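Listing of my_file.cif, mmCIF, C-alpha atoms
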data_final
loop_
_atom_site.label_atom_id
_atom_site.label_comp_id
_atom_site.auth_asym_id
_atom_site.auth_seq_id
_atom_site.Cartn_x
_atom_site.Cartn_y
_atom_site.Cartn_z
CA MET Y 1 -100.11 -25.17 151.14
CA ILE Y 2 -97.81 -27.69 149.93
CA GLU Y 3 -94.35 -27.47 151.17
CA PRO Y 4 -91.48 -28.06 148.91
CA ALA Y 5 -89.93 -31.35 149.14
CA SER Y 6 -86.80 -31.55 151.04
CA ALA Y 7 -83.53 -32.44 149.51
CA ALA Y 8 -83.62 -35.98 148.27
CA GLU Y 9 -81.60 -38.41 150.18
CA PRO Y 10 -78.95 -40.19 148.30
CA VAL Y 11 -80.02 -43.47 146.87
CA PRO Y 12 -77.60 -46.18 147.71
CA ALA Y 13 -75.89 -47.64 144.63
CA PRO Y 14 -76.54 -51.26 143.90
CA ALA Y 15 -73.90 -53.62 145.10
CA PRO Y 16 -71.46 -54.63 142.42
CA SER Y 17 -71.92 -58.10 141.12
CA LYS Y 18 -69.14 -60.59 141.39
CA PRO Y 19 -67.26 -61.21 138.24
CA ALA Y 20 -67.92 -64.56 136.58
CA ALA Y 21 -65.28 -67.11 137.19
CA VAL Y 22 -63.03 -67.59 134.11
CA GLU Y 23 -61.92 -71.10 133.62
CA PRO Y 24 -58.29 -71.47 132.69
CA ALA Y 25 -57.60 -72.49 129.03
CA PRO Y 26 -56.77 -76.11 128.65
CA GLU Y 27 -53.13 -76.76 128.09
CA PRO Y 28 -52.24 -78.37 124.80
CA ALA Y 29 -51.79 -82.04 124.92
CA ALA Y 30 -48.25 -83.19 124.94
CA VAL Y 31 -47.06 -84.35 121.48
CA GLU Y 32 -44.45 -86.98 121.17
CA PRO Y 33 -41.30 -86.06 119.17
CA ALA Y 34 -42.00 -88.66 116.44
CA GLN Y 35 -45.51 -87.35 115.97
CA ALA Y 36 -44.22 -83.76 115.89
CA ALA Y 37 -41.85 -84.65 113.06
CA LYS Y 38 -44.68 -86.22 111.10
CA VAL Y 39 -46.76 -83.09 111.51
CA THR Y 40 -44.07 -80.48 110.77
CA GLU Y 41 -42.39 -82.14 107.76
CA PRO Y 42 -45.35 -81.76 105.35
CA ALA Y 43 -45.85 -78.22 106.53
CA VAL Y 44 -42.19 -77.31 105.90
CA ALA Y 45 -42.26 -79.05 102.54
CA ALA Y 46 -45.40 -77.18 101.57
CA ALA Y 47 -43.87 -73.91 102.65
CA SER Y 48 -40.59 -74.49 100.80
CA ALA Y 49 -42.17 -75.87 97.55
CA PRO Y 50 -42.20 -73.34 94.66
CA ALA Y 51 -45.48 -71.93 93.69
CA ALA Y 52 -47.16 -73.71 90.80
CA PRO Y 53 -46.66 -71.75 87.58
CA THR Y 54 -49.66 -70.01 86.31
CA THR Y 55 -50.74 -71.33 82.90
CA LYS Y 56 -50.60 -68.76 80.09
CA PRO Y 57 -52.91 -68.94 77.14
CA GLU Y 58 -51.21 -70.54 74.16
CA LYS Y 59 -50.30 -68.19 71.32
CA PRO Y 60 -51.57 -69.12 67.88
CA ALA Y 61 -48.88 -70.84 65.80
CA ALA Y 62 -47.18 -68.52 63.34
CA PRO Y 63 -47.85 -69.43 59.70
CA LYS Y 64 -44.96 -71.17 57.99
CA PRO Y 65 -43.12 -68.99 55.50
CA GLU Y 66 -43.86 -69.85 51.91
CA ALA Y 67 -41.07 -71.59 50.00
CA LYS Y 68 -39.17 -69.37 47.58
CA LEU Y 69 -40.06 -69.95 43.97
CA TYR Y 70 -37.45 -70.30 41.26
CA GLY Y 71 -39.52 -69.69 38.19
CA SER Y 72 -42.72 -71.69 38.66
CA ARG Y 73 -41.37 -74.23 41.19
CA THR Y 74 -39.59 -74.40 44.53
CA LEU Y 75 -36.03 -75.64 44.86
CA VAL Y 76 -37.20 -79.03 46.14
CA GLN Y 77 -39.61 -79.38 43.25
CA TRP Y 78 -36.85 -78.55 40.76
CA ILE Y 79 -34.52 -81.12 42.33
CA ARG Y 80 -37.21 -83.79 42.13
CA ARG Y 81 -37.99 -82.87 38.55
CA VAL Y 82 -34.33 -82.93 37.50
CA ALA Y 83 -33.79 -86.26 39.27
CA LEU Y 84 -36.85 -87.72 37.55
CA LEU Y 85 -35.66 -86.46 34.16
CA ALA Y 86 -32.18 -87.85 34.77
CA VAL Y 87 -33.54 -91.28 35.63
CA GLY Y 88 -35.79 -91.18 32.57
CA ALA Y 89 -32.88 -90.10 30.35
CA VAL Y 90 -30.76 -93.02 31.57
CA VAL Y 91 -33.57 -95.48 30.87
CA VAL Y 92 -34.20 -94.05 27.39
CA ALA Y 93 -30.48 -94.03 26.62
CA GLY Y 94 -30.19 -97.68 27.61
CA ILE Y 95 -33.08 -98.62 25.36
CA LEU Y 96 -31.57 -96.67 22.44
CA VAL Y 97 -28.17 -98.31 22.87
CA LEU Y 98 -29.70 -101.79 22.83
CA ALA Y 99 -31.82 -100.91 19.81
CA ALA Y 100 -28.85 -99.45 17.92
CA ARG Y 101 -26.74 -102.53 18.61
CA GLY Y 102 -29.58 -104.64 17.27
CA VAL Y 103 -29.71 -102.54 14.08
CA THR Y 104 -26.01 -103.15 13.38
CA THR Y 105 -26.72 -106.89 13.15
CA LEU Y 106 -29.32 -106.50 10.41
CA PRO Y 107 -28.40 -107.58 6.85
CA GLY Y 108 -26.64 -104.84 4.87
CA VAL Y 109 -25.89 -102.58 7.86
CA PRO Y 110 -22.27 -103.73 8.40
CA ALA Y 111 -21.57 -103.12 4.68
CA PHE Y 112 -23.18 -99.64 4.97
CA LEU Y 113 -20.96 -98.76 7.92
CA GLU Y 114 -17.89 -99.93 6.04
CA ARG Y 115 -18.73 -97.89 2.94
CA TYR Y 116 -19.63 -94.78 4.95
CA PRO Y 117 -17.31 -94.67 7.98
CA GLY Y 118 -18.76 -91.38 9.24
CA GLU Y 119 -16.81 -88.76 7.26
CA TYR Y 120 -15.82 -87.94 3.71
CA HIS Y 121 -12.65 -86.34 2.38
CA LEU Y 122 -12.59 -82.56 2.24
CA PRO Y 123 -11.34 -80.65 -0.83
CA ASP Y 124 -7.56 -80.30 -1.05
CA ALA Y 125 -7.83 -76.56 -0.42
CA ALA Y 126 -9.22 -77.12 3.11
CA GLU Y 127 -6.57 -76.22 5.67
CA PRO Y 128 -6.29 -78.11 8.96
CA GLY Y 129 -6.25 -76.46 12.35
CA PHE Y 130 -8.03 -73.46 13.85
CA PRO Y 131 -6.82 -69.89 13.24
CA TRP Y 132 -6.60 -67.36 16.07
CA TRP Y 133 -9.78 -65.54 15.03
CA ALA Y 134 -11.74 -68.80 15.23
CA GLN Y 135 -10.45 -69.36 18.77
CA TRP Y 136 -11.45 -65.86 19.90
CA SER Y 137 -14.82 -66.06 18.17
CA HIS Y 138 -15.45 -69.42 19.82
CA PHE Y 139 -14.73 -67.97 23.27
CA LEU Y 140 -16.87 -64.86 22.71
CA ASN Y 141 -19.70 -66.98 21.37
CA PHE Y 142 -19.55 -69.22 24.45
CA PHE Y 143 -19.37 -66.21 26.80
CA LEU Y 144 -22.21 -64.30 25.14
CA MET Y 145 -24.48 -67.30 24.71
CA ALA Y 146 -24.29 -68.11 28.42
CA LEU Y 147 -25.38 -64.58 29.37
CA ILE Y 148 -27.98 -64.37 26.60
CA ILE Y 149 -29.64 -67.60 27.75
CA ARG Y 150 -29.60 -66.40 31.37
CA SER Y 151 -31.06 -62.96 30.63
CA GLY Y 152 -33.57 -64.40 28.14
CA TYR Y 153 -34.89 -66.82 30.75
CA GLN Y 154 -35.16 -63.97 33.26
CA VAL Y 155 -37.11 -61.84 30.78
CA ARG Y 156 -39.51 -64.74 30.23
CA THR Y 157 -40.11 -65.49 33.93
CA GLN Y 158 -39.59 -62.11 35.64
CA GLN Y 159 -42.82 -60.64 37.03
CA LYS Y 160 -41.53 -57.40 38.56
CA PRO Y 161 -38.33 -56.00 37.02
CA PRO Y 162 -35.81 -54.55 39.51
CA ALA Y 163 -35.27 -51.45 37.33
CA TYR Y 164 -36.19 -49.91 34.00
CA TRP Y 165 -34.26 -48.37 31.12
CA ALA Y 166 -35.30 -45.78 28.54
CA PRO Y 167 -33.38 -44.13 25.68
CA LYS Y 168 -31.90 -40.68 26.38
CA ARG Y 169 -33.86 -39.12 23.51
CA GLY Y 170 -37.09 -40.64 24.67
CA GLY Y 171 -38.80 -43.87 23.82
CA LYS Y 172 -40.52 -46.83 25.35
CA LYS Y 173 -39.34 -47.86 28.79
CA ILE Y 174 -38.19 -51.49 29.12
CA SER Y 175 -36.87 -53.57 31.97
CA ILE Y 176 -33.15 -53.43 32.62
CA THR Y 177 -33.02 -57.20 32.12
CA LEU Y 178 -34.48 -56.85 28.62
CA TRP Y 179 -31.98 -54.05 27.94
CA LEU Y 180 -29.14 -56.41 28.91
CA HIS Y 181 -30.58 -59.21 26.74
CA GLN Y 182 -30.89 -57.00 23.67
CA SER Y 183 -27.45 -55.44 24.20
CA LEU Y 184 -25.85 -58.87 24.38
CA ASP Y 185 -27.76 -59.88 21.24
CA VAL Y 186 -26.23 -56.96 19.33
CA ILE Y 187 -22.69 -57.93 20.39
CA TRP Y 188 -23.39 -61.59 19.59
CA LEU Y 189 -24.62 -60.68 16.11
CA ALA Y 190 -21.53 -58.55 15.48
CA ASN Y 191 -19.30 -61.45 16.56
CA GLY Y 192 -21.23 -63.83 14.29
CA LEU Y 193 -21.02 -61.55 11.25
CA LEU Y 194 -17.27 -61.09 11.73
CA PHE Y 195 -16.85 -64.85 12.06
CA ALA Y 196 -18.80 -65.48 8.83
CA VAL Y 197 -16.73 -62.93 6.90
CA LEU Y 198 -13.44 -64.42 8.08
CA LEU Y 199 -14.78 -67.95 7.55
CA PHE Y 200 -15.40 -67.42 3.83
CA ALA Y 201 -12.42 -65.13 3.31
CA SER Y 202 -10.01 -67.75 4.63
CA GLY Y 203 -11.49 -70.85 2.99
CA HIS Y 204 -12.13 -72.31 6.42
CA TRP Y 205 -15.83 -72.57 5.51
CA MET Y 206 -15.23 -76.01 3.97
CA ARG Y 207 -14.84 -77.37 7.50
CA ILE Y 208 -18.48 -76.71 8.42
CA VAL Y 209 -20.27 -76.34 5.07
CA PRO Y 210 -20.95 -79.69 3.32
CA THR Y 211 -19.21 -80.03 -0.05
CA SER Y 212 -20.56 -83.49 -0.97
CA TRP Y 213 -23.88 -85.31 -0.81
CA GLU Y 214 -22.04 -88.06 1.01
CA VAL Y 215 -22.43 -85.96 4.12
CA PHE Y 216 -25.89 -87.44 4.74
CA PRO Y 217 -25.14 -91.20 4.68
CA ASN Y 218 -21.93 -90.52 6.63
CA ALA Y 219 -23.90 -88.52 9.20
CA ALA Y 220 -26.34 -91.43 9.58
CA SER Y 221 -23.38 -93.78 10.03
CA ALA Y 222 -21.79 -91.52 12.65
CA LEU Y 223 -25.08 -91.25 14.53
CA LEU Y 224 -25.48 -95.03 14.59
CA GLN Y 225 -21.91 -95.42 15.87
CA TYR Y 226 -22.53 -92.88 18.64
CA MET Y 227 -25.73 -94.70 19.66
CA THR Y 228 -23.93 -98.05 19.92
CA LEU Y 229 -21.22 -96.38 22.07
CA ASP Y 230 -18.68 -97.53 19.46
CA TRP Y 231 -17.89 -93.94 18.55
CA PRO Y 232 -16.33 -92.84 15.26
CA VAL Y 233 -12.67 -91.84 15.20
CA GLU Y 234 -12.24 -88.19 16.20
CA ASN Y 235 -9.80 -86.03 14.23
CA GLY Y 236 -11.29 -82.56 14.47
CA TRP Y 237 -7.95 -80.88 13.76
CA VAL Y 238 -8.15 -82.11 10.15
CA ASN Y 239 -11.81 -82.97 9.53
CA TYR Y 240 -15.05 -83.19 11.46
CA ASN Y 241 -17.21 -86.26 11.07
CA SER Y 242 -20.29 -85.64 8.94
CA LEU Y 243 -22.71 -85.46 11.87
CA GLN Y 244 -20.58 -82.76 13.50
CA GLN Y 245 -20.36 -80.88 10.21
CA LEU Y 246 -24.13 -80.86 9.76
CA MET Y 247 -24.72 -79.75 13.35
CA TYR Y 248 -22.22 -76.89 13.11
CA PHE Y 249 -23.79 -75.84 9.81
CA ILE Y 250 -27.25 -75.81 11.42
CA VAL Y 251 -26.02 -73.81 14.41
CA VAL Y 252 -24.17 -71.16 12.40
CA PHE Y 253 -26.37 -70.78 9.33
CA ILE Y 254 -29.88 -71.76 10.52
CA ALA Y 255 -30.37 -71.57 14.29
CA ALA Y 256 -28.40 -68.35 14.76
CA PRO Y 257 -30.28 -66.44 12.03
CA VAL Y 258 -33.62 -67.74 13.35
CA ALA Y 259 -32.72 -66.53 16.86
CA ALA Y 260 -31.67 -63.15 15.45
CA LEU Y 261 -34.75 -62.63 13.27
CA THR Y 262 -37.26 -63.71 15.91
CA GLY Y 263 -35.49 -61.68 18.57
CA ALA Y 264 -35.52 -58.59 16.35
CA ARG Y 265 -39.26 -59.00 15.74
CA MET Y 266 -39.92 -59.10 19.47
CA SER Y 267 -37.56 -56.21 20.32
CA GLU Y 268 -38.17 -52.48 20.49
CA PHE Y 269 -36.14 -51.98 17.32
CA TRP Y 270 -38.95 -53.40 15.20
CA PRO Y 271 -41.15 -50.74 13.52
CA LYS Y 272 -44.50 -51.01 15.27
CA ASN Y 273 -46.40 -48.89 12.75
CA ALA Y 274 -45.50 -50.99 9.71
CA ALA Y 275 -48.92 -52.64 9.41
CA LYS Y 276 -48.22 -54.58 6.22
CA LEU Y 277 -44.87 -55.88 7.50
CA ASN Y 278 -46.46 -56.88 10.79
CA ARG Y 279 -49.14 -58.84 8.99
CA ILE Y 280 -46.52 -60.67 6.95
CA TYR Y 281 -44.41 -61.41 10.01
CA PRO Y 282 -46.66 -61.44 13.12
CA VAL Y 283 -45.08 -61.27 16.54
CA GLU Y 284 -46.88 -64.48 17.58
CA ALA Y 285 -44.86 -66.43 15.03
CA ALA Y 286 -41.63 -64.96 16.39
CA ARG Y 287 -42.55 -65.92 19.96
CA ALA Y 288 -43.44 -69.45 18.86
CA LEU Y 289 -39.94 -69.91 17.37
CA HIS Y 290 -37.69 -67.88 19.66
CA PHE Y 291 -37.95 -69.93 22.86
CA PRO Y 292 -37.59 -73.36 21.15
CA THR Y 293 -34.50 -72.00 19.39
CA MET Y 294 -33.02 -71.11 22.76
CA LEU Y 295 -33.75 -74.64 24.00
CA PHE Y 296 -32.00 -76.01 20.90
CA PHE Y 297 -28.89 -74.02 21.78
CA VAL Y 298 -28.98 -75.28 25.37
CA VAL Y 299 -29.21 -78.92 24.27
CA PHE Y 300 -26.50 -78.41 21.66
CA ILE Y 301 -24.11 -76.84 24.19
CA LEU Y 302 -24.64 -79.66 26.70
CA ILE Y 303 -24.03 -82.39 24.10
CA HIS Y 304 -21.09 -80.48 22.59
CA VAL Y 305 -19.30 -80.04 25.94
CA PHE Y 306 -19.98 -83.69 26.85
CA LEU Y 307 -18.43 -84.96 23.61
CA VAL Y 308 -15.44 -82.62 23.95
CA PHE Y 309 -14.58 -84.23 27.27
CA ALA Y 310 -15.58 -87.77 26.30
CA THR Y 311 -13.51 -87.95 23.09
CA GLY Y 312 -10.14 -86.65 24.31
CA ALA Y 313 -10.53 -83.58 26.50
CA LEU Y 314 -6.94 -82.29 26.49
CA ARG Y 315 -6.52 -82.54 22.73
CA ASN Y 316 -9.96 -81.09 21.94
CA LEU Y 317 -9.49 -78.17 24.34
CA ASN Y 318 -6.10 -77.44 22.79
CA HIS Y 319 -7.76 -77.21 19.38
CA MET Y 320 -10.10 -74.35 20.27
CA PHE Y 321 -8.31 -72.60 23.12
CA ALA Y 322 -4.60 -73.03 22.35
CA GLY Y 323 -4.60 -73.56 18.58
CA SER Y 324 -2.52 -76.71 18.91
CA ASP Y 325 -2.94 -80.40 18.12
CA GLN Y 326 -0.73 -81.47 21.02
CA VAL Y 327 -1.91 -83.28 24.11
CA ASN Y 328 -1.03 -81.09 27.11
CA TRP Y 329 -2.75 -78.97 29.75
CA VAL Y 330 -2.45 -75.55 28.08
CA GLY Y 331 -5.88 -75.64 26.48
CA PHE Y 332 -7.46 -76.98 29.65
CA TRP Y 333 -6.22 -74.07 31.77
CA LEU Y 334 -7.31 -71.57 29.13
CA PHE Y 335 -10.71 -73.25 29.13
CA ALA Y 336 -10.81 -73.04 32.95
CA ALA Y 337 -10.01 -69.31 32.74
CA ALA Y 338 -12.82 -68.85 30.20
CA ILE Y 339 -15.23 -70.64 32.55
CA ALA Y 340 -14.13 -68.40 35.45
CA VAL Y 341 -14.64 -65.22 33.41
CA THR Y 342 -18.06 -66.40 32.24
CA ALA Y 343 -19.12 -67.39 35.77
CA GLY Y 344 -17.97 -64.01 37.11
CA ALA Y 345 -20.01 -62.17 34.48
CA TRP Y 346 -22.98 -64.45 35.19
CA PHE Y 347 -23.08 -63.48 38.87
CA ALA Y 348 -22.16 -59.84 38.21
CA ALA Y 349 -25.13 -59.33 35.88
CA ARG Y 350 -27.23 -57.79 38.64
CA PRO Y 351 -28.99 -54.41 38.89
CA ILE Y 352 -26.30 -52.91 41.13
CA VAL Y 353 -23.74 -53.54 38.36
CA LEU Y 354 -26.00 -53.14 35.34
CA ALA Y 355 -27.49 -49.78 36.35
CA PRO Y 356 -24.24 -47.74 35.95
CA LEU Y 357 -23.60 -49.40 32.57
CA ALA Y 358 -27.17 -48.79 31.39
CA ARG Y 359 -26.94 -45.10 32.37
CA LEU Y 360 -24.19 -44.65 29.80
CA PHE Y 361 -26.74 -45.34 27.06
CA GLY Y 362 -30.01 -44.13 28.54
CA LYS Y 363 -32.00 -43.37 31.68
CA VAL Y 364 -32.43 -45.85 34.52
CA SER Y 365 -35.28 -45.64 37.00
CA SER Y 366 -36.96 -47.82 39.59
CA ARG Y 367 -40.38 -47.42 37.94
#
Spit out the file's structure as structure tokens when you get a sec.
Amino acid sequence: MIEPASAAEPVPAPAPSKPAAVEPAPEPAAVEPAQAAKVTEPAVAAASAPAAPTTKPEKPAAPKPEAKLYGSRTLVQWIRRVALLAVGAVVVAGILVLAARGVTTLPGVPAFLERYPGEYHLPDAAEPGFPWWAQWSHFLNFFLMALIIRSGYQVRTQQKPPAYWAPKRGGKKISITLWLHQSLDVIWLANGLLFAVLLFASGHWMRIVPTSWEVFPNAASALLQYMTLDWPVENGWVNYNSLQQLMYFIVVFIAAPVAALTGARMSEFWPKNAAKLNRIYPVEAARALHFPTMLFFVVFILIHVFLVFATGALRNLNHMFAGSDQVNWVGFWLFAAAIAVTAGAWFAARPIVLAPLARLFGKVSSR
């Protein structure tokens, strides 16, 4: 029989091993002060230097705004064009002056100028001076023509009208600019008809209607004298020279009716359903004449104002604005007031001012 084993004797634990010897860490080598400065300065500088800015992606350049158009050109283009035209006009004028002076040396021309000095004597019934109604008509004509030319040019070049006008009782809708243009035309025609009636009723018509065939050779003489810069004697209080008389006759009795008739054909007052009348007087013919007539008026006004100032401004302005043949500043200041009134109306002719006026005669809308 196997006896149970006796209690096991304790097994002696193994002897602990000796810890490994740890060598002391080597002490840092001694650094000289000069070397320490060389080492620490770059480190301090690097620590104190600002961080390099991070580069951002460049934004695409914004497109340049398009230059504002005034009609079909920019302001710079208009300035260049006007400057080029001015230079060309000076060159052409110089050539014409030299040519005219050469003509006066040709055989027979001095005798022609002596026989036809530039004017002929008016009938004895012609009265000198300018009556009050002529002065007022002259101012109204100047005032209305300035606004008619402005609104007419806007109608021709305007692509999107700022507002529209229609009659109260119904009818075709037109732009408010065209309404202004046609309204001014009606007032201008009324002023012209009143002027014509008073002109013939007073006998003043002999000042601007030729009464002798001598008007033509005298007009040629006056033109030649103007071109040579040896201008004819001005005495508009008593008698215009023949070139002036012909030009005033053309303006009053030819150009003005042409502008009125062509404008009426293009307006809304013209009967659209009159087929026979429209065939006789097509709208294309009216358009072909209306704009050149406006240009004629512009050129005439520029030359007229230039000659008024170049041939004795104070006296000429007194004739038409003060009704006097004296040389003083009264007419000039009246002329300056007329310019101020016209300029004020020119800048006031905008939709914010026109709309309330147009509503008195019809309906105004934005579309």
Run the PyMOL selection byres ((chain Y and resi 320-323) around 8) against the file shown and list the residues it catches, as a ChimeraX atom specification. /Y:129-132,134-135,138-139,316-319,324-325,330-332,334-335
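Put simply, atom CA of Y:Trp136 is 11.5 Å away from atom CA of Y:Gly192.
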Using all atoms listed in the file, which of Y:Ala146, Y:Ala260, Y:Met227, Y:Leu277 sits nearest Y:Val97?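 When distances to Y:Val97 are compared using all atoms listed in the file, the smallest one comes from Y:Met227.
If you count all atoms listed in the file and ignore residues fewer than 2 places along the chain from Y:Ala166, what sits within 6 Å of it is Lys173, Gly362 and Lys363 of chain Y.
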Residues near Y:Phe347, anyone? I mean within 12 Å using all atoms listed in the file, not counting same-chain ones fewer than 6 positions away, as a PyMOL selection string. chain Y and resi 146-147+150-151+340-341+353-354
Using all atoms listed in the file, which residue out of Y:Leu189, Y:Val258, Y:Ala358, Y:Met206 lies closest to Y:Phe296?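 Among the listed residues, Y:Val258 lies closest to Y:Phe296.
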My list of candidates is Y:Asn241, Y:Gln77, Y:Asn273, Y:Trp165. Which is closest to Y:Pro210 when distances are computed with only C-alpha atoms?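 Of Y:Asn241, Y:Gln77, Y:Asn273, Y:Trp165, the one nearest Y:Pro210, counting only C-alpha atoms, is Y:Asn241.
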Can you find the residues with an atom no farther than 9 Å from (-30.3, -61.3, 22.7), counting only C-alpha atoms, and report them as a PDB file with C-alpha atoms, in the coordinates of the input?
ATOM      1  CA  LEU Y 144     -22.210 -64.300  25.140  1.00  0.00           C
ATOM      2  CA  MET Y 145     -24.480 -67.300  24.710  1.00  0.00           C
ATOM      3  CA  LEU Y 147     -25.380 -64.580  29.370  1.00  0.00           C
ATOM      4  CA  ILE Y 148     -27.980 -64.370  26.600  1.00  0.00           C
ATOM      5  CA  ILE Y 149     -29.640 -67.600  27.750  1.00  0.00           C
ATOM      6  CA  SER Y 151     -31.060 -62.960  30.630  1.00  0.00           C
ATOM      7  CA  GLY Y 152     -33.570 -64.400  28.140  1.00  0.00           C
ATOM      8  CA  LEU Y 178     -34.480 -56.850  28.620  1.00  0.00           C
ATOM      9  CA  LEU Y 180     -29.140 -56.410  28.910  1.00  0.00           C
ATOM     10  CA  HIS Y 181     -30.580 -59.210  26.740  1.00  0.00           C
ATOM     11  CA  GLN Y 182     -30.890 -57.000  23.670  1.00  0.00           C
ATOM     12  CA  SER Y 183     -27.450 -55.440  24.200  1.00  0.00           C
ATOM     13  CA  LEU Y 184     -25.850 -58.870  24.380  1.00  0.00           C
ATOM     14  CA  ASP Y 185     -27.760 -59.880  21.240  1.00  0.00           C
ATOM     15  CA  VAL Y 186     -26.230 -56.960  19.330  1.00  0.00           C
ATOM     16  CA  ILE Y 187     -22.690 -57.930  20.390  1.00  0.00           C
ATOM     17  CA  TRP Y 188     -23.390 -61.590  19.590  1.00  0.00           C
ATOM     18  CA  LEU Y 189     -24.620 -60.680  16.110  1.00  0.00           C
ATOM     19  CA  ALA Y 259     -32.720 -66.530  16.860  1.00  0.00           C
ATOM     20  CA  ALA Y 260     -31.670 -63.150  15.450  1.00  0.00           C
ATOM     21  CA  GLY Y 263     -35.490 -61.680  18.570  1.00  0.00           C
ATOM     22  CA  ALA Y 264     -35.520 -58.590  16.350  1.00  0.00           C
TER      23      ALA Y 264
END
10 Å contact set for Y:Tyr281, only C-alpha atoms, chain neighbours under 6 positions out, as a tab-separated table (two decimals) with C-alpha atoms, keeping the file's coordinate frame:
chain	number	residue	atom	x	y	z
Y	262	THR	CA	-37.26	-63.71	15.91
Y	265	ARG	CA	-39.26	-59.00	15.74
Y	275	ALA	CA	-48.92	-52.64	9.41
Counting only C-alpha atoms, the residue of Y:Leu314, Y:Ala286, Y:Ala274, Y:Leu246 that sits nearest Y:Glu119: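 For Y:Glu119, the nearest of the candidates is Y:Leu246.
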Which neighbours of Y:Gly118 fall inside 12 Å, counting only C-alpha atoms, when residues of the same chain fewer than 3 positions from it are skipped, and could you give them as a VMD selection string? chain Y and resid 112 to 115 121 214 to 226 230 to 235 239 to 246
Residues of the last selection are to be written out with C-alpha atoms, as a PDB file, in the coordinates of the input.
ATOM      1  CA  PHE Y 112     -23.180 -99.640   4.970  1.00  0.00           C
ATOM      2  CA  LEU Y 113     -20.960 -98.760   7.920  1.00  0.00           C
ATOM      3  CA  GLU Y 114     -17.890 -99.930   6.040  1.00  0.00           C
ATOM      4  CA  ARG Y 115     -18.730 -97.890   2.940  1.00  0.00           C
ATOM      5  CA  HIS Y 121     -12.650 -86.340   2.380  1.00  0.00           C
ATOM      6  CA  GLU Y 214     -22.040 -88.060   1.010  1.00  0.00           C
ATOM      7  CA  VAL Y 215     -22.430 -85.960   4.120  1.00  0.00           C
ATOM      8  CA  PHE Y 216     -25.890 -87.440   4.740  1.00  0.00           C
ATOM      9  CA  PRO Y 217     -25.140 -91.200   4.680  1.00  0.00           C
ATOM     10  CA  ASN Y 218     -21.930 -90.520   6.630  1.00  0.00           C
ATOM     11  CA  ALA Y 219     -23.900 -88.520   9.200  1.00  0.00           C
ATOM     12  CA  ALA Y 220     -26.340 -91.430   9.580  1.00  0.00           C
ATOM     13  CA  SER Y 221     -23.380 -93.780  10.030  1.00  0.00           C
ATOM     14  CA  ALA Y 222     -21.790 -91.520  12.650  1.00  0.00           C
ATOM     15  CA  LEU Y 223     -25.080 -91.250  14.530  1.00  0.00           C
ATOM     16  CA  LEU Y 224     -25.480 -95.030  14.590  1.00  0.00           C
ATOM     17  CA  GLN Y 225     -21.910 -95.420  15.870  1.00  0.00           C
ATOM     18  CA  TYR Y 226     -22.530 -92.880  18.640  1.00  0.00           C
ATOM     19  CA  ASP Y 230     -18.680 -97.530  19.460  1.00  0.00           C
ATOM     20  CA  TRP Y 231     -17.890 -93.940  18.550  1.00  0.00           C
ATOM     21  CA  PRO Y 232     -16.330 -92.840  15.260  1.00  0.00           C
ATOM     22  CA  VAL Y 233     -12.670 -91.840  15.200  1.00  0.00           C
ATOM     23  CA  GLU Y 234     -12.240 -88.190  16.200  1.00  0.00           C
ATOM     24  CA  ASN Y 235      -9.800 -86.030  14.230  1.00  0.00           C
ATOM     25  CA  ASN Y 239     -11.810 -82.970   9.530  1.00  0.00           C
ATOM     26  CA  TYR Y 240     -15.050 -83.190  11.460  1.00  0.00           C
ATOM     27  CA  ASN Y 241     -17.210 -86.260  11.070  1.00  0.00           C
ATOM     28  CA  SER Y 242     -20.290 -85.640   8.940  1.00  0.00           C
ATOM     29  CA  LEU Y 243     -22.710 -85.460  11.870  1.00  0.00           C
ATOM     30  CA  GLN Y 244     -20.580 -82.760  13.500  1.00  0.00           C
ATOM     31  CA  GLN Y 245     -20.360 -80.880  10.210  1.00  0.00           C
ATOM     32  CA  LEU Y 246     -24.130 -80.860   9.760  1.00  0.00           C
TER      33      LEU Y 246
END
Between atom CA of Y:Asn278 and atom CA of Y:His290, distance in Å (one decimal):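 If I compute the distance from atom CA of Y:Asn278 to atom CA of Y:His290, I get 16.6 Å.
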For the provided coordinates, the residues matched by the PyMOL selection byres ((chain Y and resi 123) around 10) should be stated as a list in words. Tyr120, His121, Leu122, Asp124, Ala125, Ala126, Glu127, Met206, Arg207, Thr211 and Ser212 of chain Y
What does the distance from atom CA of Y:Ala355 to atom CA of Y:Tyr164 come to in Å, to one decimal? 9.0 Å
Will you model N, CA and C atoms for stretch 319-324 of chain Y and pass it back as a short mmCIF file (atom, residue, chain, number, x, y, z; two decimals), in the frame of the given file?
data_model
loop_
_atom_site.label_atom_id
_atom_site.label_comp_id
_atom_site.auth_asym_id
_atom_site.auth_seq_id
_atom_site.Cartn_x
_atom_site.Cartn_y
_atom_site.Cartn_z
N HIS Y 319 -7.35 -77.64 20.72
CA HIS Y 319 -7.76 -77.21 19.38
C HIS Y 319 -8.37 -75.81 19.42
N MET Y 320 -9.33 -75.59 20.30
CA MET Y 320 -10.10 -74.35 20.27
C MET Y 320 -9.62 -73.28 21.24
N PHE Y 321 -8.76 -73.61 22.17
CA PHE Y 321 -8.31 -72.60 23.12
C PHE Y 321 -6.81 -72.32 23.03
N ALA Y 322 -6.04 -73.24 22.48
CA ALA Y 322 -4.60 -73.03 22.35
C ALA Y 322 -4.12 -73.08 20.91
N GLY Y 323 -4.99 -73.48 19.98
CA GLY Y 323 -4.60 -73.56 18.58
C GLY Y 323 -3.50 -74.57 18.32
N SER Y 324 -3.56 -75.70 19.02
CA SER Y 324 -2.52 -76.71 18.91
C SER Y 324 -3.15 -78.10 18.87
#
